[in-house]
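Scroll down for the structure; my scribbles are underneath it.
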Amino acid sequence: MRCCVCLFQQSLQCSPSKMAAGESNSRSSCLNLSNSGPLGNAPPSNSAHSSPASNGGSMGAAGVINRSAGNSNPQSGPENGGGAESAVRSTPSAQNPARQPVVQSGATSGAASNMTATSSSSSSSSSSASTASADASAAVPSLPSSPASVLVYREPVYNWQATKSTVKERFALAVGSAVFDAMFNGGMATTSTEIELPDVEPAAFLALLKFLYSDEVQIGPETVMTTLYTAKKYAVPALEAHCVEFLKKNLRADNAFMLLTQARLFDEPQLASLCLENIDKNTADALAAEGFTDIDLDTLMAVLERDTLGVREVRLFVAAVRWADAEAQRQQLQPTPENKRRVLGKSLSLIRFPLMTIEEFAAGPAQSGILTDREVVSLFLHFTVNPKPHVEFIDRPRCCLRGKECSITRFSQVESRWGYSGTSDRIRFSVNRRIFVVGFGLYGSIHGPTDYQVNIQIIHTDSNTVLGQNDTGFSCDGTASTFRVMFKEPVEILPSVNYIACATLKGPDSHYGTKGMRKVTHEAPATGTKTCFTFCYAAGNNNGTSVEDGQIPEVIFYT
């Protein structure tokens, strides 16, 4: 049911709550311009001291604006000499032309609202203004004549209200909206006494009026978006800023996607950027929120194409399928694999399937029916064959990392001759805070420059799930230094959870570490933040690696 907000010519004695309680339930929002001039202006006044806009507008019941007689054209503001002292200019022009002349002459009679009569003698002009009578023509007879008149055209300033941040400044000119100014005072101003506003919520319009007439900011979680829309529609940037600030302060992972959609809709790039940053930092929580499935396809694609998401690719796929289910229902389609692929459209190509492990791919996307048989075969070949064949999906890692790369070394001394026979070197570890492991430092050959083939993994101990892995190789120079071997993408490590670092090397005997430490702490130089690693023996086949001796001397990570 449409609601009504009327702007009457009444005083502030009425209660605004009346609108919200009763009168707003029967009609669409409207502006009532009773007692107005032919173009929505107040009727002309003959008084040389008639009040400007600062005394001519008030709000009463149901968001009432009282536009009293003598309401001056807002473009005759203080910067143009407007105000109570502008006796001759206080009557608005009925036609309100686009170019407004300012007449400077020695003798003037009955000046129009946008014309300024000034004497060549300032003292005579001041005297005439202070003694003006009801008859405007009689207000200035004492002005001495001038031999010539100069006609100066002033271009009207569009949206001057946007430069006025307080109600005092706005009332010194007119109602604080360029749109209202055009509606009521413009060259094509309406002649109707009632204007319907069918696309504006009454509560949001009342919030707009309260802000315009009292500087009161009335924003809540239920009304902030409609108020933002209304503020934008009626060109009130000060209220827009309050709405955006409210949204920033209430931005969380569980509403980030909803606010991102609204920020894109209302063209608020700063808010959209903050939403995306929040999604980057809390990707898993944001994807799990109910509002995620309500976003549009463009917003989904804007997120999936980012390189900074902090979540495993298989979870992005699961979330995209959940969104496709909801979108198919919105389009009244059966949620079949074919229809899911159809509604996903180009967003499917933004999921980086090559970044998954072969186990993740086989258990999920390969059996979903969303990928074609050719795509499934191509990806399996990518996982199992070296050199890896080209695939149609992006294989560039997402880098969700910020700050500087860190590393810890768990051995205090290096010794020679550590052999390999196909068994993995393994060590169990946990940390005290969330980090992202990007690779290991490994020892190389004791026989000079050599190439190694290696598979590295991080395994979740309790579930025995491989969280990250890479089949790769590295070259060493024969020294006792460590050599970096990196994962395809960062591996998220949660605090107080046990993981196993695993490295399976193929190559000649290498150096190894000894005098290992059970606890190793890294302290960030800039912030003093401490990341504490605790190492433990990994049961089973571990090629002899332990807390005291072995391989995997370094862990490379970001906080």
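Order determines the names: the first chain of the structure tokens is A, the second B, and so forth; residues in each chain are numbered 1 upward, and ligands are numbered 1 upward as they are shown.
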
Residue list (alpha helix (DSSP H), DSSP) for segment 367-536 of chain A, as a ChimeraX atom specification: /A:367-368,373-384

Taking into account only C-alpha atoms, which residue in the set A:Ser407, A:Ala302, A:Arg312, A:Glu268 is nearest to Thr283 of chain A?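 Of the candidates, the smallest distance to Thr283 of chain A is held by A:Arg312.
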
Long-range neighbours of Val179 of chain A as a PDB file with N, CA and C atoms, in the first residue's frame, 9 Å cut-off, only C-alpha atoms, 2 positions minimum in chain:
ATOM      1  N   ASN A 159      22.870  23.311  -7.720  1.00  0.00           N
ATOM      2  CA  ASN A 159      23.124  22.527  -6.502  1.00  0.00           C
ATOM      3  C   ASN A 159      23.995  23.274  -5.507  1.00  0.00           C
ATOM      4  N   GLY A 176      17.267  22.661   1.392  1.00  0.00           N
ATOM      5  CA  GLY A 176      18.598  22.170   1.028  1.00  0.00           C
ATOM      6  C   GLY A 176      18.635  21.101  -0.023  1.00  0.00           C
ATOM      7  N   SER A 177      17.945  21.277  -1.141  1.00  0.00           N
ATOM      8  CA  SER A 177      17.963  20.283  -2.207  1.00  0.00           C
ATOM      9  C   SER A 177      17.841  20.969  -3.542  1.00  0.00           C
ATOM     10  N   ASP A 181      14.535  22.636  -5.365  1.00  0.00           N
ATOM     11  CA  ASP A 181      14.659  23.980  -5.916  1.00  0.00           C
ATOM     12  C   ASP A 181      14.136  24.020  -7.346  1.00  0.00           C
ATOM     13  N   ALA A 182      14.523  23.025  -8.145  1.00  0.00           N
ATOM     14  CA  ALA A 182      14.058  22.976  -9.528  1.00  0.00           C
ATOM     15  C   ALA A 182      12.560  22.693  -9.609  1.00  0.00           C
ATOM     16  N   MET A 183      12.066  21.828  -8.709  1.00  0.00           N
ATOM     17  CA  MET A 183      10.645  21.478  -8.715  1.00  0.00           C
ATOM     18  C   MET A 183       9.768  22.672  -8.395  1.00  0.00           C
ATOM     19  N   PHE A 184      10.212  23.511  -7.438  1.00  0.00           N
ATOM     20  CA  PHE A 184       9.363  24.582  -6.946  1.00  0.00           C
ATOM     21  C   PHE A 184       9.693  25.952  -7.541  1.00  0.00           C
ATOM     22  N   LYS A 233      18.444  10.774  -4.592  1.00  0.00           N
ATOM     23  CA  LYS A 233      17.407  11.216  -5.524  1.00  0.00           C
ATOM     24  C   LYS A 233      17.196  12.720  -5.439  1.00  0.00           C
ATOM     25  N   TYR A 234      17.252  13.265  -4.218  1.00  0.00           N
ATOM     26  CA  TYR A 234      16.991  14.688  -4.025  1.00  0.00           C
ATOM     27  C   TYR A 234      18.265  15.494  -3.781  1.00  0.00           C
ATOM     28  N   ALA A 235      19.410  14.917  -4.154  1.00  0.00           N
ATOM     29  CA  ALA A 235      20.687  15.647  -4.178  1.00  0.00           C
ATOM     30  C   ALA A 235      20.999  16.318  -2.844  1.00  0.00           C
ATOM     31  N   VAL A 236      21.057  15.490  -1.785  1.00  0.00           N
ATOM     32  CA  VAL A 236      21.439  15.983  -0.461  1.00  0.00           C
ATOM     33  C   VAL A 236      22.686  15.207  -0.025  1.00  0.00           C
TER      34      VAL A 236
END

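Between atom CA of Asp298 of chain A and atom CA of Leu260 of chain A the separation is 11.1 Å.
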
Mind checking which residues fall within 12 Å of segment 345-348 of chain A, counting only C-alpha atoms, ignoring those fewer than 4 positions away in the same chain, and posting them as a PyMOL selection string? chain A and resi 296-306+316-321+323-324+327-328+338-341+352-353+365+370-372+375+392-394

Include N, CA, C and O atoms and write out the residues we just selected as a CSV table (one decimal), in the first residue's frame.
chain,number,residue,atom,x,y,z
A,296,ASP,N,23.6,-10.2,-7.3
A,296,ASP,CA,23.4,-10.4,-8.7
A,296,ASP,C,24.7,-11.0,-9.4
A,296,ASP,O,25.7,-11.1,-8.7
A,297,LEU,N,24.5,-11.4,-10.6
A,297,LEU,CA,25.6,-12.0,-11.3
A,297,LEU,C,26.9,-11.1,-11.4
A,297,LEU,O,28.0,-11.6,-11.3
A,298,ASP,N,26.6,-9.9,-11.7
A,298,ASP,CA,27.8,-9.0,-11.9
A,298,ASP,C,28.6,-8.8,-10.6
A,298,ASP,O,29.8,-8.8,-10.6
A,299,THR,N,27.9,-8.8,-9.4
A,299,THR,CA,28.6,-8.8,-8.2
A,299,THR,C,29.4,-10.1,-7.9
A,299,THR,O,30.5,-10.0,-7.4
A,300,LEU,N,28.7,-11.2,-8.2
A,300,LEU,CA,29.4,-12.5,-8.1
A,300,LEU,C,30.7,-12.5,-8.9
A,300,LEU,O,31.8,-12.9,-8.4
A,301,MET,N,30.6,-12.0,-10.1
A,301,MET,CA,31.8,-12.0,-11.0
A,301,MET,C,32.9,-11.1,-10.5
A,301,MET,O,34.1,-11.4,-10.6
A,302,ALA,N,32.4,-9.9,-10.0
A,302,ALA,CA,33.4,-9.0,-9.4
A,302,ALA,C,34.2,-9.5,-8.3
A,302,ALA,O,35.4,-9.2,-8.1
A,303,VAL,N,33.6,-10.5,-7.5
A,303,VAL,CA,34.3,-11.1,-6.4
A,303,VAL,C,35.2,-12.3,-6.9
A,303,VAL,O,36.3,-12.4,-6.5
A,304,LEU,N,34.6,-13.1,-7.8
A,304,LEU,CA,35.4,-14.3,-8.2
A,304,LEU,C,36.6,-13.9,-9.0
A,304,LEU,O,37.6,-14.7,-9.0
A,305,GLU,N,36.6,-12.8,-9.6
A,305,GLU,CA,37.8,-12.4,-10.4
A,305,GLU,C,38.9,-11.8,-9.6
A,305,GLU,O,40.0,-11.5,-10.1
A,306,ARG,N,38.7,-11.6,-8.3
A,306,ARG,CA,39.7,-11.1,-7.4
A,306,ARG,C,40.9,-12.0,-7.1
A,306,ARG,O,40.6,-13.2,-7.0
A,316,LEU,N,35.1,-21.9,-3.0
A,316,LEU,CA,34.5,-20.9,-3.9
A,316,LEU,C,33.5,-21.6,-4.9
A,316,LEU,O,32.4,-21.1,-5.2
A,317,PHE,N,33.9,-22.8,-5.3
A,317,PHE,CA,33.0,-23.6,-6.2
A,317,PHE,C,31.8,-24.0,-5.5
A,317,PHE,O,30.7,-23.8,-6.1
A,318,VAL,N,31.9,-24.5,-4.3
A,318,VAL,CA,30.7,-24.8,-3.5
A,318,VAL,C,29.7,-23.6,-3.3
A,318,VAL,O,28.5,-23.8,-3.5
A,319,ALA,N,30.3,-22.5,-3.0
A,319,ALA,CA,29.5,-21.3,-2.8
A,319,ALA,C,28.9,-20.9,-4.1
A,319,ALA,O,27.7,-20.4,-4.2
A,320,ALA,N,29.6,-21.0,-5.3
A,320,ALA,CA,29.0,-20.6,-6.6
A,320,ALA,C,27.8,-21.5,-6.9
A,320,ALA,O,26.8,-21.1,-7.5
A,321,VAL,N,28.0,-22.8,-6.6
A,321,VAL,CA,26.9,-23.7,-6.9
A,321,VAL,C,25.6,-23.4,-6.0
A,321,VAL,O,24.5,-23.4,-6.5
A,323,TRP,N,24.9,-20.4,-5.0
A,323,TRP,CA,24.3,-19.2,-5.6
A,323,TRP,C,23.5,-19.6,-6.8
A,323,TRP,O,22.4,-19.0,-7.0
A,324,ALA,N,24.0,-20.5,-7.6
A,324,ALA,CA,23.3,-21.0,-8.8
A,324,ALA,C,22.0,-21.6,-8.5
A,324,ALA,O,21.0,-21.4,-9.3
A,327,GLU,N,19.7,-18.7,-7.8
A,327,GLU,CA,19.4,-17.9,-9.0
A,327,GLU,C,18.5,-18.7,-10.0
A,327,GLU,O,17.6,-18.1,-10.6
A,328,ALA,N,18.6,-20.0,-10.1
A,328,ALA,CA,17.7,-20.8,-10.9
A,328,ALA,C,16.3,-20.7,-10.4
A,328,ALA,O,15.3,-20.6,-11.2
A,338,GLU,N,22.6,-28.5,-15.8
A,338,GLU,CA,22.6,-27.7,-17.0
A,338,GLU,C,22.2,-26.3,-16.8
A,338,GLU,O,22.7,-25.3,-17.3
A,339,ASN,N,21.1,-26.1,-16.0
A,339,ASN,CA,20.6,-24.8,-15.7
A,339,ASN,C,21.5,-24.0,-14.7
A,339,ASN,O,21.6,-22.8,-14.8
A,340,LYS,N,22.2,-24.8,-13.8
A,340,LYS,CA,23.1,-24.1,-13.0
A,340,LYS,C,24.3,-23.5,-13.8
A,340,LYS,O,24.7,-22.4,-13.5
A,341,ARG,N,24.8,-24.3,-14.7
A,341,ARG,CA,25.8,-23.8,-15.6
A,341,ARG,C,25.3,-22.6,-16.4
A,341,ARG,O,26.0,-21.6,-16.6
A,352,ARG,N,39.0,-21.1,-10.3
A,352,ARG,CA,40.4,-21.6,-10.7
A,352,ARG,C,40.5,-23.0,-10.3
A,352,ARG,O,41.2,-23.4,-9.3
A,353,PHE,N,39.9,-23.9,-11.1
A,353,PHE,CA,40.0,-25.3,-10.8
A,353,PHE,C,41.4,-25.9,-10.7
A,353,PHE,O,41.6,-26.8,-9.9
A,365,PRO,N,33.8,-30.8,-8.1
A,365,PRO,CA,33.5,-30.4,-9.4
A,365,PRO,C,33.4,-31.5,-10.5
A,365,PRO,O,32.5,-31.4,-11.3
A,370,ILE,N,28.3,-30.0,-13.7
A,370,ILE,CA,28.3,-28.6,-14.2
A,370,ILE,C,29.4,-28.5,-15.3
A,370,ILE,O,29.2,-27.7,-16.3
A,371,LEU,N,30.5,-29.1,-15.1
A,371,LEU,CA,31.6,-29.1,-16.1
A,371,LEU,C,31.3,-30.1,-17.2
A,371,LEU,O,30.7,-31.2,-17.0
A,372,THR,N,31.8,-29.9,-18.4
A,372,THR,CA,31.6,-30.8,-19.5
A,372,THR,C,32.6,-31.9,-19.3
A,372,THR,O,33.6,-31.8,-18.6
A,375,GLU,N,36.1,-30.8,-20.3
A,375,GLU,CA,36.7,-30.0,-19.2
A,375,GLU,C,37.2,-30.9,-18.1
A,375,GLU,O,38.3,-30.6,-17.5
A,392,GLU,N,41.5,-24.4,-19.9
A,392,GLU,CA,40.8,-23.2,-20.2
A,392,GLU,C,40.5,-22.4,-19.0
A,392,GLU,O,39.9,-21.3,-19.1
A,393,PHE,N,40.9,-22.9,-17.8
A,393,PHE,CA,40.6,-22.1,-16.6
A,393,PHE,C,41.9,-21.5,-16.0
A,393,PHE,O,43.0,-21.9,-16.3
A,394,ILE,N,41.7,-20.4,-15.3
A,394,ILE,CA,42.8,-19.7,-14.7
A,394,ILE,C,43.6,-20.5,-13.7
A,394,ILE,O,43.0,-21.2,-12.9

Provide the atom CA of Cys406 of chain A to atom CA of Thr559 of chain A distance in Å, to one decimal place. 8.0 Å

Nearest candidate to Tyr420 of chain A (options A:Phe383, A:Phe266, A:Tyr512, A:Phe257; using only C-alpha atoms):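 So, comparing all the options, the nearest one is A:Tyr512.
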
Straight-line distance linking atom CA of Thr230 of chain A with atom CA of Phe205 of chain A, stated in Å to one decimal: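 Between these atoms lies a distance of 6.7 Å.
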
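Every protein, DNA or RNA residue with an atom at most 10 Å from Lys530 of chain A, where only C-alpha atoms count and chain neighbours fewer than 4 positions away do not, is listed here: Asn432, Arg433, Thr521, His522, Glu523, Ala524, Pro525 and Thr559 of chain A.
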
Neighbour list for Gly291 of chain A as a count of residues only, cut-off 12 Å, only C-alpha atoms, skip fewer than 4 positions in-chain: 21

If we count only C-alpha atoms, what is near Thr545 of chain A at a cut-off of 8 Å, once residues fewer than 6 positions away on the same chain are taken out, given as a count of residues only? 4

Residue with smallest distance to Gly310 of chain A - pool A:Pro389, A:Gly507, A:Pro397, A:Pro553, counting only C-alpha atoms: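 Checking each candidate against Gly310 of chain A, we get A:Pro397 as the closest.
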
For each of A:Phe483, A:Gly439, A:Leu333, A:Asp395, take the minimum atom-to-atom distance to Ser349 of chain A, counting only C-alpha atoms, then give the residue where this is smallest.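 Closest candidate: A:Asp395.
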
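Distances from A:Pro337, A:Pro237, A:Gly513, A:Pro198 to Ser165 of chain A were compared using only C-alpha atoms, and the smallest one belongs to A:Pro237.
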